[in-house]
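Asks: Handing you a structure now.
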Amino acid sequence: MPGRQTCWVHATAASPSGQEVYSNFDQRLRAEEHVLTSSTASHTALHLVTEGTYEHWLREQPESRRAWLRGIGFDPKDRKMAHLPSLTPDSDRHEALVAIESMEGPWAATASLAWALERYSFLRYKDEAARKAATAPRRLVVPPSPAQEEAGLLAAAIYLVRDLINTPAEDLTPAHLAAEAEALAAEHPGASLSVVSGDALLHADSFFPMVHAVGRAAACPPHLLDLRWQPAPQSASLPLLVLVGKGVTFDSGGLNIKPAAGMRLMKKDMGGAALVLGLAHVIMQAQLPVRLRVLVPAVENAVGPASFRPGDVLRSRAGRSVE
């Protein structure tokens with residue numbers, strides 16, 4: 001293409017293909033550090049009650065604790081939390097009373113997910129001191145359960161999505177997004193990724209001219225990511241689930257350039273791609289009974305000699321002409 005520059009992928013970690021990239025996918029693992037199913041460390045005990053169970057719980061408490069709660073006027077209907085004094089003067093054990101609406105359902109898993117999401121920080125550009133402060137041990141210990149495992153999986157996927165969306169376009173080009181998808185596929189047996197990029201998008205056997213047109217002016221060429229997965233070789237009869245996510249890593253508007261206010265957050269225009277990659281991780285990790293296909297057109301809509309012009313008529317893969 002005229003004026004083509006080199007598509008740089010800045011190196012900090014290796015992808016399965018050998019391409020050097022920073023892997024946001026690896027960072028999702030820190031979501032699991034905030035919720036544990038067992039701990040020997042000193043911790044704050046949380047007593048969970050509802051409006052209906054509070055009086056029964058209160059009758060089982062020592063008189064000193066009942067007097068404390070009467071003194072502060074605790075009412076589970078309008079006061080949701082109270083710190084509880086230690087039962088022994090020399091103890092450093094902290095406890096708290098928390099009123100919730102219902103004990104029914106996977107409340108521990110819901111609390112775990114909320115806790116992990118509240119603990120999220122985007123750490124890629126932080127120095128070591130800031131990283132340590134952000135990851136200081138503030139952990140929630142909950143009973144192990146299948147619902148708890150599901151909450152951990154969802155938290156990890158959401159961390160991945162948030163990290164991808166928060167990454168600036170300089171460090172999340174279409175090539176970087178392809179490497180993230182490759183790392184995701186490598187994590188899950190039965191998954192594979194194929195990538196078509198650059199002028200190969202105009203070849204007859206991989207003809208995606210509209211994807212090519214949007215990304216052809218950028219330093220990093222357009223990519224089409226095609227991730228496929230099925231839980232077992234004999235699962236060909238399972239229903240096919242296809243996810244498509246918009247992967248515009250930055251949208252300047254092209255020759256119809258956006259004003260500064262409209263361009264400021266355009267690094268997030270690949271949010272659809274991030275979302276389907278996170279959802280794909282959940283589906284594959286949970287071994288859901290589907291055949292999965294994820295399609296991500298990854299492009300940067302840039303300004304350059306190869307930009308398509310307002311008023312151009314382009315021919316789509318389906319044969320339609322589009323102005």
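Labeling convention for the structure tokens: chains A, B, ... as they appear, residues from 1 per chain, ligands from 1 in order of appearance.
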Could you name the residues that touch Glu55 (chain A) at 12 Å or less, counting only C-alpha atoms, but leaving out those on the same chain fewer than 4 positions away, as JSON, numbers by chain?
Replies: {"A": [49, 50, 51, 59, 60, 61, 66, 69, 70, 74, 75, 76, 99]}
Asks: List every residue of region 113-160 of chain A that DSSP, applied to the backbone of this structure, places in alpha helix (DSSP H), and write the result as a ChimeraX atom specification.
Replies: /A:113-118,128-134,146-160
Asks: Quick one: pull the distance between CA of Ser145 (chain A) and CA of Phe122 (chain A), Å, one decimal.
Replies: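 Computed distance, CA of Ser145 (chain A) to CA of Phe122 (chain A), equals 28.5 Å.
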Asks: Excluding His212 (chain A) and its own-chain neighbours fewer than 5 positions away, which residues fall within 9 Å of it when counting only C-alpha atoms? Please give them as a PyMOL selection string.
Replies: chain A and resi 197-202+221-223+299
Asks: So that I can see what lies close to Leu154 (chain A), please list as a ChimeraX atom specification the residues with an atom at most 10 Å from it, counting only C-alpha atoms and leaving out residues fewer than 2 positions away in the same chain.
Replies: /A:31,113,116-117,148-152,156-160,278-279,281-282
Asks: For the interface of region 200-243 of chain A with region 163-187 of chain A (cut-off 12 Å, counting only C-alpha atoms), please tabulate each contacting residue of region 200-243 of chain A alongside its nearest pair of atoms and their separation in Å to one decimal, rows sorted by chain and increasing number, as CSV.
Replies:
```
residue,atom,partner,partner_atom,distance
A:Val211,CA,A:Pro174,CA,11.7
A:His212,CA,A:Pro174,CA,12.0
A:Gly215,CA,A:Pro174,CA,9.1
A:Arg216,CA,A:Pro174,CA,11.5
A:Ala218,CA,A:Thr173,CA,9.7
A:Ala219,CA,A:Thr173,CA,9.2
A:Cys220,CA,A:Pro174,CA,6.7
A:Pro221,CA,A:Pro174,CA,7.3
A:Pro222,CA,A:Pro174,CA,6.4
A:His223,CA,A:Pro174,CA,6.1
A:Leu224,CA,A:Ala178,CA,8.4
A:Leu225,CA,A:Ala178,CA,6.5
A:Asp226,CA,A:Ala181,CA,9.0
A:Leu227,CA,A:Ala185,CA,7.2
A:Arg228,CA,A:Ala185,CA,8.3
A:Trp229,CA,A:Ala185,CA,8.3
A:Gln230,CA,A:Ala185,CA,11.4
```
Asks: Generate the output file for the selected residues, all heavy atoms, as a compact mmCIF listing (two decimals), in the first residue's frame.
Replies:
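So the final result, stored in part_1.txt, reads:
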```txt
# COMPACT_ATOMS: atom_id res chain seq x y z
N VAL A 211 -13.59 -4.90 5.46
CA VAL A 211 -12.64 -4.90 6.57
C VAL A 211 -11.31 -4.30 6.09
O VAL A 211 -10.70 -3.47 6.76
CB VAL A 211 -12.43 -6.33 7.12
CG1 VAL A 211 -11.35 -6.35 8.20
CG2 VAL A 211 -13.74 -6.89 7.66
N HIS A 212 -10.89 -4.72 4.91
CA HIS A 212 -9.64 -4.21 4.34
C HIS A 212 -9.72 -2.70 4.13
O HIS A 212 -8.78 -1.96 4.46
CB HIS A 212 -9.36 -4.92 3.02
CG HIS A 212 -8.09 -4.47 2.36
ND1 HIS A 212 -8.05 -3.41 1.47
CD2 HIS A 212 -6.82 -4.93 2.46
CE1 HIS A 212 -6.81 -3.25 1.04
NE2 HIS A 212 -6.04 -4.16 1.63
N GLY A 215 -9.27 -0.54 7.33
CA GLY A 215 -7.97 -0.56 7.99
C GLY A 215 -6.77 -0.37 7.10
O GLY A 215 -5.64 -0.36 7.59
N ARG A 216 -6.96 -0.18 5.80
CA ARG A 216 -5.82 -0.23 4.89
C ARG A 216 -4.88 0.97 5.00
O ARG A 216 -3.73 0.90 4.56
CB ARG A 216 -6.32 -0.35 3.45
CG ARG A 216 -7.02 0.88 2.91
CD ARG A 216 -7.75 0.60 1.61
NE ARG A 216 -8.32 1.81 1.03
CZ ARG A 216 -9.19 1.82 0.03
NH1 ARG A 216 -9.61 0.66 -0.49
NH2 ARG A 216 -9.65 2.96 -0.45
N ALA A 218 -3.79 2.36 7.83
CA ALA A 218 -3.06 2.38 9.10
C ALA A 218 -1.69 1.73 8.95
O ALA A 218 -1.44 0.93 8.04
CB ALA A 218 -3.87 1.65 10.17
N ALA A 219 -0.79 2.08 9.88
CA ALA A 219 0.54 1.47 9.88
C ALA A 219 0.46 -0.03 10.10
O ALA A 219 1.23 -0.80 9.52
CB ALA A 219 1.40 2.12 10.97
N CYS A 220 -0.47 -0.46 10.93
CA CYS A 220 -0.68 -1.89 11.16
C CYS A 220 -1.85 -2.34 10.30
O CYS A 220 -2.95 -1.78 10.40
CB CYS A 220 -0.98 -2.16 12.64
SG CYS A 220 -0.94 -3.90 13.07
N PRO A 221 -1.66 -3.31 9.43
CA PRO A 221 -2.71 -3.69 8.48
C PRO A 221 -3.92 -4.29 9.18
O PRO A 221 -3.84 -4.75 10.32
CB PRO A 221 -2.02 -4.72 7.58
CG PRO A 221 -0.93 -5.28 8.42
CD PRO A 221 -0.45 -4.15 9.28
N PRO A 222 -5.05 -4.31 8.50
CA PRO A 222 -6.26 -4.92 9.08
C PRO A 222 -6.09 -6.43 9.23
O PRO A 222 -5.39 -7.07 8.45
CB PRO A 222 -7.34 -4.58 8.06
CG PRO A 222 -6.60 -4.37 6.77
CD PRO A 222 -5.28 -3.78 7.14
N HIS A 223 -6.75 -6.97 10.24
CA HIS A 223 -6.73 -8.41 10.52
C HIS A 223 -8.17 -8.90 10.66
O HIS A 223 -9.02 -8.19 11.19
CB HIS A 223 -6.01 -8.71 11.84
CG HIS A 223 -4.53 -8.52 11.82
ND1 HIS A 223 -3.92 -7.33 11.46
CD2 HIS A 223 -3.51 -9.37 12.14
CE1 HIS A 223 -2.61 -7.46 11.56
NE2 HIS A 223 -2.34 -8.69 11.97
N LEU A 224 -8.41 -10.11 10.23
CA LEU A 224 -9.66 -10.79 10.54
C LEU A 224 -9.32 -12.01 11.37
O LEU A 224 -8.61 -12.91 10.91
CB LEU A 224 -10.42 -11.21 9.28
CG LEU A 224 -11.75 -11.92 9.57
CD1 LEU A 224 -12.76 -10.95 10.15
CD2 LEU A 224 -12.31 -12.60 8.33
N LEU A 225 -9.82 -12.04 12.61
CA LEU A 225 -9.54 -13.13 13.54
C LEU A 225 -10.71 -14.11 13.52
O LEU A 225 -11.87 -13.70 13.61
CB LEU A 225 -9.35 -12.59 14.96
CG LEU A 225 -8.53 -11.31 15.11
CD1 LEU A 225 -8.41 -10.93 16.58
CD2 LEU A 225 -7.17 -11.46 14.47
N ASP A 226 -10.40 -15.38 13.42
CA ASP A 226 -11.43 -16.42 13.37
C ASP A 226 -11.04 -17.51 14.36
O ASP A 226 -10.21 -18.37 14.08
CB ASP A 226 -11.53 -16.98 11.95
CG ASP A 226 -12.70 -17.93 11.77
OD1 ASP A 226 -13.32 -18.33 12.78
OD2 ASP A 226 -12.99 -18.29 10.61
N LEU A 227 -11.63 -17.45 15.56
CA LEU A 227 -11.35 -18.43 16.61
C LEU A 227 -12.47 -19.46 16.62
O LEU A 227 -13.65 -19.11 16.63
CB LEU A 227 -11.25 -17.72 17.97
CG LEU A 227 -10.83 -18.55 19.18
CD1 LEU A 227 -10.12 -17.67 20.20
CD2 LEU A 227 -12.00 -19.26 19.85
N ARG A 228 -12.09 -20.74 16.65
CA ARG A 228 -13.07 -21.83 16.67
C ARG A 228 -12.73 -22.79 17.81
O ARG A 228 -11.56 -23.04 18.09
CB ARG A 228 -13.10 -22.57 15.34
CG ARG A 228 -13.37 -21.65 14.15
CD ARG A 228 -13.50 -22.43 12.86
NE ARG A 228 -13.55 -21.53 11.71
CZ ARG A 228 -14.31 -21.74 10.64
NH1 ARG A 228 -15.11 -22.79 10.57
NH2 ARG A 228 -14.29 -20.88 9.63
N TRP A 229 -13.80 -23.33 18.41
CA TRP A 229 -13.61 -24.27 19.53
C TRP A 229 -14.80 -25.21 19.60
O TRP A 229 -15.95 -24.82 19.33
CB TRP A 229 -13.50 -23.49 20.84
CG TRP A 229 -13.51 -24.36 22.07
CD1 TRP A 229 -12.45 -25.00 22.63
CD2 TRP A 229 -14.64 -24.67 22.90
NE1 TRP A 229 -12.84 -25.70 23.75
CE2 TRP A 229 -14.18 -25.50 23.94
CE3 TRP A 229 -15.99 -24.32 22.85
CZ2 TRP A 229 -15.02 -25.99 24.93
CZ3 TRP A 229 -16.84 -24.80 23.83
CH2 TRP A 229 -16.35 -25.63 24.86
N GLN A 230 -14.51 -26.45 19.95
CA GLN A 230 -15.57 -27.38 20.33
C GLN A 230 -15.03 -28.25 21.45
O GLN A 230 -13.83 -28.54 21.52
CB GLN A 230 -16.05 -28.21 19.15
CG GLN A 230 -15.00 -29.05 18.46
CD GLN A 230 -15.59 -29.73 17.23
OE1 GLN A 230 -16.41 -29.15 16.52
NE2 GLN A 230 -15.19 -30.97 16.99
```
Asks: Taking only region 41-154 of chain A into account, list the residues labelled strand (DSSP E or B) by DSSP (computed from the backbone), as an MDAnalysis selection string.
Replies: chainID A and resid 44:49 81:84 94:99 140:141
Asks: In Å to one decimal, how far is CA of Gly245 (chain A) from CA of Lys268 (chain A)?
Replies: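 Taking CA of Lys268 (chain A) and CA of Gly245 (chain A), their separation equals 12.4 Å.
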Asks: Between CA of Ala274 (chain A) and CA of Gln287 (chain A), what is the distance in Å, rounded to a tenth?
Replies: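 So the two atoms, CA of Ala274 (chain A) and CA of Gln287 (chain A), lie 20.0 Å apart.
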